[in-house]
file query-v5.cif (mmCIF, C-alpha atoms, pLDDT in the B column; chains and numbers go by the auth columns)
data_my_file
loop_
_atom_site.group_PDB
_atom_site.id
_atom_site.type_symbol
_atom_site.label_atom_id
_atom_site.label_comp_id
_atom_site.label_asym_id
_atom_site.label_seq_id
_atom_site.Cartn_x
_atom_site.Cartn_y
_atom_site.Cartn_z
_atom_site.B_iso_or_equiv
_atom_site.auth_seq_id
_atom_site.auth_asym_id
ATOM 1 C CA LEU A 1 127.256 169.010 77.053 56.00 1292 X
ATOM 2 C CA ALA A 2 126.484 165.462 76.072 54.00 1293 X
ATOM 3 C CA PRO A 3 124.268 164.870 73.055 55.00 1294 X
ATOM 4 C CA PRO A 4 120.636 164.149 73.930 57.00 1295 X
ATOM 5 C CA VAL A 5 119.808 160.496 74.458 54.00 1296 X
ATOM 6 C CA PRO A 6 116.774 159.363 72.483 52.00 1297 X
ATOM 7 C CA SER A 7 113.890 158.274 74.652 51.00 1298 X
ATOM 8 C CA ARG A 8 112.630 154.731 74.476 50.00 1299 X
ATOM 9 C CA ARG A 9 109.490 155.925 72.757 49.00 1300 X
ATOM 10 C CA SER A 10 111.417 157.348 69.846 49.00 1301 X
ATOM 11 C CA THR A 11 113.074 154.034 69.043 47.00 1302 X
ATOM 12 C CA PRO A 12 111.134 151.985 66.528 49.00 1303 X
ATOM 13 C CA ARG A 13 109.429 148.920 67.886 49.00 1304 X
ATOM 14 C CA PRO A 14 109.396 145.690 65.958 50.00 1305 X
ATOM 15 C CA SER A 15 106.066 145.223 64.306 50.00 1306 X
ATOM 16 C CA SER A 16 103.921 142.465 65.709 47.00 1307 X
ATOM 17 C CA PRO A 17 102.123 140.041 63.426 49.00 1308 X
ATOM 18 C CA ARG A 18 98.577 140.868 62.458 48.00 1309 X
ATOM 19 C CA PRO A 19 96.076 139.049 64.694 48.00 1310 X
ATOM 20 C CA ASN A 20 94.455 137.229 61.780 49.00 1311 X
ATOM 21 C CA SER A 21 97.643 136.284 59.985 47.00 1312 X
ATOM 22 C CA ALA A 22 98.725 132.671 59.991 48.00 1313 X
ATOM 23 C CA PRO A 23 101.904 131.969 61.968 48.00 1314 X
ATOM 24 C CA ALA A 24 104.976 130.905 60.054 48.00 1315 X
ATOM 25 C CA HIS A 25 105.577 127.184 60.203 45.00 1316 X
ATOM 26 C CA PRO A 26 109.194 126.130 60.901 46.00 1317 X
ATOM 27 C CA ARG A 27 109.354 123.966 57.778 44.00 1318 X
ATOM 28 C CA THR A 28 108.113 126.764 55.525 45.00 1319 X
ATOM 29 C CA ALA A 29 110.093 129.609 57.081 48.00 1320 X
ATOM 30 C CA THR A 30 112.068 131.822 54.747 49.00 1321 X
ATOM 31 C CA PRO A 31 115.887 131.738 54.930 52.00 1322 X
ATOM 32 C CA ASN A 32 115.925 135.199 56.575 54.00 1323 X
ATOM 33 C CA THR A 33 113.700 134.051 59.422 52.00 1324 X
ATOM 34 C CA THR A 34 115.412 133.782 62.784 54.00 1325 X
ATOM 35 C CA PRO A 35 114.454 131.283 65.490 54.00 1326 X
ATOM 36 C CA ASP A 36 112.986 134.176 67.506 56.00 1327 X
ATOM 37 C CA THR A 37 110.489 134.996 64.762 52.00 1328 X
ATOM 38 C CA ILE A 38 109.365 131.457 63.988 55.00 1329 X
ATOM 39 C CA ALA A 39 105.970 130.747 65.491 62.00 1330 X
ATOM 40 C CA MET A 40 106.144 127.353 67.129 61.00 1331 X
ATOM 41 C CA GLU A 41 103.102 125.188 67.579 65.00 1332 X
ATOM 42 C CA PRO A 42 101.855 125.452 71.152 65.00 1333 X
ATOM 43 C CA GLN A 43 102.739 122.531 73.377 64.00 1334 X
ATOM 44 C CA PRO A 44 100.692 121.527 76.402 61.00 1335 X
ATOM 45 C CA SER A 45 102.308 122.217 79.733 70.00 1336 X
ATOM 46 C CA SER A 46 103.507 119.258 81.734 76.00 1337 X
ATOM 47 C CA THR A 47 101.041 120.184 84.478 75.00 1338 X
ATOM 48 C CA LEU A 48 98.154 120.011 82.029 69.00 1339 X
ATOM 49 C CA VAL A 49 99.374 116.671 80.693 73.00 1340 X
ATOM 50 C CA ASN A 50 99.674 115.309 84.230 76.00 1341 X
ATOM 51 C CA VAL A 51 96.147 116.456 85.107 80.00 1342 X
ATOM 52 C CA ALA A 52 94.736 114.862 81.947 81.00 1343 X
ATOM 53 C CA GLU A 53 96.568 111.589 82.581 87.00 1344 X
ATOM 54 C CA HIS A 54 95.377 111.554 86.187 87.00 1345 X
ATOM 55 C CA ALA A 55 91.769 112.075 85.063 89.00 1346 X
ATOM 56 C CA GLU A 56 92.084 109.258 82.524 91.00 1347 X
ATOM 57 C CA LEU A 57 93.614 106.917 85.115 92.00 1348 X
ATOM 58 C CA ARG A 58 90.879 107.834 87.595 91.00 1349 X
ATOM 59 C CA LEU A 59 88.206 107.022 84.993 91.00 1350 X
ATOM 60 C CA VAL A 60 89.797 103.633 84.327 94.00 1351 X
ATOM 61 C CA GLN A 61 90.002 102.941 88.066 92.00 1352 X
ATOM 62 C CA LEU A 62 86.350 103.934 88.546 89.00 1353 X
ATOM 63 C CA LEU A 63 85.195 101.725 85.676 91.00 1354 X
ATOM 64 C CA ALA A 64 87.312 98.770 86.814 93.00 1355 X
ATOM 65 C CA GLU A 65 86.183 98.997 90.450 90.00 1356 X
ATOM 66 C CA SER A 66 82.476 99.301 89.715 88.00 1357 X
ATOM 67 C CA ALA A 67 82.239 96.857 86.791 91.00 1358 X
ATOM 68 C CA PRO A 68 80.708 93.417 87.315 93.00 1359 X
ATOM 69 C CA PRO A 69 83.762 91.133 87.740 93.00 1360 X
ATOM 70 C CA ALA A 70 82.308 88.506 85.416 95.00 1361 X
ATOM 71 C CA LEU A 71 82.014 91.063 82.592 95.00 1362 X
ATOM 72 C CA LEU A 72 85.262 93.013 82.997 95.00 1363 X
ATOM 73 C CA GLY A 73 88.128 91.800 80.843 96.00 1364 X
ATOM 74 C CA PRO A 74 91.094 90.477 82.847 96.00 1365 X
ATOM 75 C CA THR A 75 93.512 92.940 81.229 97.00 1366 X
ATOM 76 C CA PHE A 76 91.163 95.944 81.057 96.00 1367 X
ATOM 77 C CA ALA A 77 93.022 98.153 83.553 96.00 1368 X
ATOM 78 C CA SER A 78 96.515 97.309 82.284 97.00 1369 X
ATOM 79 C CA ASP A 79 95.434 97.765 78.645 97.00 1370 X
ATOM 80 C CA CYS A 80 93.993 101.189 79.476 96.00 1371 X
ATOM 81 C CA GLU A 81 97.085 102.210 81.439 96.00 1372 X
ATOM 82 C CA ALA A 82 99.282 101.261 78.484 97.00 1373 X
ATOM 83 C CA ARG A 83 97.138 103.405 76.167 95.00 1374 X
ATOM 84 C CA ILE A 84 97.346 106.340 78.575 93.00 1375 X
ATOM 85 C CA ALA A 85 101.129 105.982 78.930 93.00 1376 X
ATOM 86 C CA SER A 86 101.543 106.055 75.146 93.00 1377 X
ATOM 87 C CA ALA A 87 99.074 108.972 74.728 89.00 1378 X
ATOM 88 C CA ASP A 88 96.853 106.783 72.548 92.00 1379 X
ATOM 89 C CA ALA A 89 93.477 108.476 73.071 89.00 1380 X
ATOM 90 C CA PRO A 90 91.664 106.573 70.286 91.00 1381 X
ATOM 91 C CA GLY A 91 93.037 103.280 71.626 94.00 1382 X
ATOM 92 C CA LEU A 92 91.864 104.123 75.140 94.00 1383 X
ATOM 93 C CA VAL A 93 88.358 104.897 73.915 92.00 1384 X
ATOM 94 C CA ARG A 94 88.295 101.650 71.902 94.00 1385 X
ATOM 95 C CA THR A 95 89.455 99.667 74.940 96.00 1386 X
ATOM 96 C CA VAL A 96 86.677 101.142 77.096 94.00 1387 X
ATOM 97 C CA ILE A 97 83.967 100.720 74.462 93.00 1388 X
ATOM 98 C CA ARG A 98 84.921 97.129 73.631 96.00 1389 X
ATOM 99 C CA ASP A 99 84.855 95.941 77.244 97.00 1390 X
ATOM 100 C CA PRO A 100 81.334 94.880 78.328 96.00 1391 X
ATOM 101 C CA GLY A 101 82.148 95.331 82.019 95.00 1392 X
ATOM 102 C CA ALA A 102 83.463 98.860 81.511 94.00 1393 X
ATOM 103 C CA MET A 103 80.409 99.820 79.467 93.00 1394 X
ATOM 104 C CA THR A 104 78.047 98.361 82.068 93.00 1395 X
ATOM 105 C CA SER A 105 79.897 100.324 84.731 90.00 1396 X
ATOM 106 C CA LEU A 106 79.844 103.505 82.641 88.00 1397 X
ATOM 107 C CA PHE A 107 76.062 103.424 82.343 86.00 1398 X
ATOM 108 C CA ALA A 108 75.596 102.686 86.055 86.00 1399 X
ATOM 109 C CA ILE A 109 77.823 105.406 87.568 81.00 1400 X
ATOM 110 C CA ASP A 110 76.119 107.080 90.501 80.00 1401 X
ATOM 111 C CA PRO A 111 75.810 109.984 91.302 81.00 1402 X
ATOM 112 C CA ILE A 112 74.798 111.431 87.960 81.00 1403 X
ATOM 113 C CA ASP A 113 77.574 114.051 88.183 81.00 1404 X
ATOM 114 C CA GLY A 114 80.119 111.239 88.038 80.00 1405 X
ATOM 115 C CA ALA A 115 78.459 109.813 84.942 80.00 1406 X
ATOM 116 C CA VAL A 116 78.444 113.218 83.250 84.00 1407 X
ATOM 117 C CA SER A 117 82.138 113.651 84.069 84.00 1408 X
ATOM 118 C CA ALA A 118 82.978 110.197 82.706 85.00 1409 X
ATOM 119 C CA PHE A 119 81.111 110.830 79.452 81.00 1410 X
ATOM 120 C CA SER A 120 82.696 114.279 79.148 85.00 1411 X
ATOM 121 C CA LEU A 121 86.153 112.774 79.502 86.00 1412 X
ATOM 122 C CA LEU A 122 85.397 110.128 76.878 85.00 1413 X
ATOM 123 C CA ALA A 123 84.070 112.841 74.539 84.00 1414 X
ATOM 124 C CA ALA A 124 87.275 114.842 75.055 84.00 1415 X
ATOM 125 C CA LEU A 125 89.318 111.734 74.267 84.00 1416 X
ATOM 126 C CA LEU A 126 87.314 111.219 71.078 77.00 1417 X
ATOM 127 C CA ASP A 127 87.946 114.833 70.110 77.00 1418 X
ATOM 128 C CA ARG A 128 91.671 114.468 70.834 72.00 1419 X
ATOM 129 C CA GLY A 129 91.736 111.334 68.698 59.00 1420 X
ATOM 130 C CA ASP A 130 90.750 113.460 65.698 57.00 1421 X
ATOM 131 C CA ASP A 131 93.885 115.616 66.014 53.00 1422 X
ATOM 132 C CA PRO A 132 96.738 114.778 63.624 47.00 1423 X
#

call {"tool": "encode", "arguments": {"input": "query-v5.cif", "output": "C-alpha cells"}}
result
Amino acid sequence: LAPPVPSRRSTPRPSSPRPNSAPAHPRTATPNTTPDTIAMEPQPSSTLVNVAEHAELRLVQLLAESAPPALLGPTFASDCEARIASADAPGLVRTVIRDPGAMTSLFAIDPIDGAVSAFSLLAALLDRGDDP
C-alpha cells in the first residue's frame, strides 16, 4: 500500500498580513523579502486613466465651445490638452481658473446637471493635485 497523501487542508497555509498592518514598501523591504511578498502601491488601470482623460477633455471642449469668443484665450484648449497629456492636474485647474472665458462658461453651463458634473470634475482634479 502507498503511504497516505496529506490532504490540502493539512498543509500549512502562508499567513496573510493583518488587515490593519501597513504594507511593506519596496525601498524599506528587508533582505529576506521576496518580490511576491512586497506590497506594491496600487496603480490605476489604463481603462480608468482613459476614462478620466476623456472626462477632462470633454470638460475642456464644453468650456471652449460655450465660452464667449472674446473672453476665451486663444490657446485655452491646446494648453488644457497639454496639461491633460502630461497628467498635470494642478496645471489644468490653474489654466481653467485663469481663463475668463472658461470661467464665464463654467458658471453658465445649462442644464444644472452639467454644471454639477463640471464642478465635481474640477474638485476631483484639485484633490488629485494634492497627491504626492

call {"tool": "resolve_selection", "arguments": {"input": "query-v5.cif", "expression": "the PyMOL selection byres ((chain X and resi 1371) around 10)", "output": "CSV table (one decimal) with C-alpha atoms, in the frame of the given file"}}
result
chain,number,residue,atom,x,y,z
X,1347,GLU,CA,92.1,109.3,82.5
X,1348,LEU,CA,93.6,106.9,85.1
X,1350,LEU,CA,88.2,107.0,85.0
X,1351,VAL,CA,89.8,103.6,84.3
X,1352,GLN,CA,90.0,102.9,88.1
X,1366,THR,CA,93.5,92.9,81.2
X,1367,PHE,CA,91.2,95.9,81.1
X,1368,ALA,CA,93.0,98.2,83.6
X,1369,SER,CA,96.5,97.3,82.3
X,1370,ASP,CA,95.4,97.8,78.6
X,1372,GLU,CA,97.1,102.2,81.4
X,1373,ALA,CA,99.3,101.3,78.5
X,1374,ARG,CA,97.1,103.4,76.2
X,1375,ILE,CA,97.3,106.3,78.6
X,1376,ALA,CA,101.1,106.0,78.9
X,1377,SER,CA,101.5,106.1,75.1
X,1379,ASP,CA,96.9,106.8,72.5
X,1380,ALA,CA,93.5,108.5,73.1
X,1382,GLY,CA,93.0,103.3,71.6
X,1383,LEU,CA,91.9,104.1,75.1
X,1384,VAL,CA,88.4,104.9,73.9
X,1385,ARG,CA,88.3,101.6,71.9
X,1386,THR,CA,89.5,99.7,74.9
X,1387,VAL,CA,86.7,101.1,77.1

call {"tool": "atom_distance", "arguments": {"input": "query-v5.cif", "atom1": "CA of Ala1358 (chain X)", "atom2": "CA of Ser1411 (chain X)"}}
result
19.0 Å

call {"tool": "atom_distance", "arguments": {"input": "query-v5.cif", "atom1": "CA of Ala1399 (chain X)", "atom2": "CA of Ala1355 (chain X)"}}
result
12.4 Å

call {"tool": "closest_residue", "arguments": {"input": "query-v5.cif", "among": "X:Val1340, X:Ala1346, X:Leu1397, X:Ala1378", "to": "Phe1410 (chain X)", "atoms": "all atoms listed in the file"}}
result
X:Leu1397

call {"tool": "atom_distance", "arguments": {"input": "query-v5.cif", "atom1": "CA of Ser1357 (chain X)", "atom2": "CA of Arg1419 (chain X)"}}
result
25.9 Å

call {"tool": "closest_residue", "arguments": {"input": "query-v5.cif", "among": "X:Pro1365, X:Val1342, X:Leu1354, X:Pro1381", "to": "Phe1398 (chain X)", "atoms": "only C-alpha atoms"}}
result
X:Leu1354
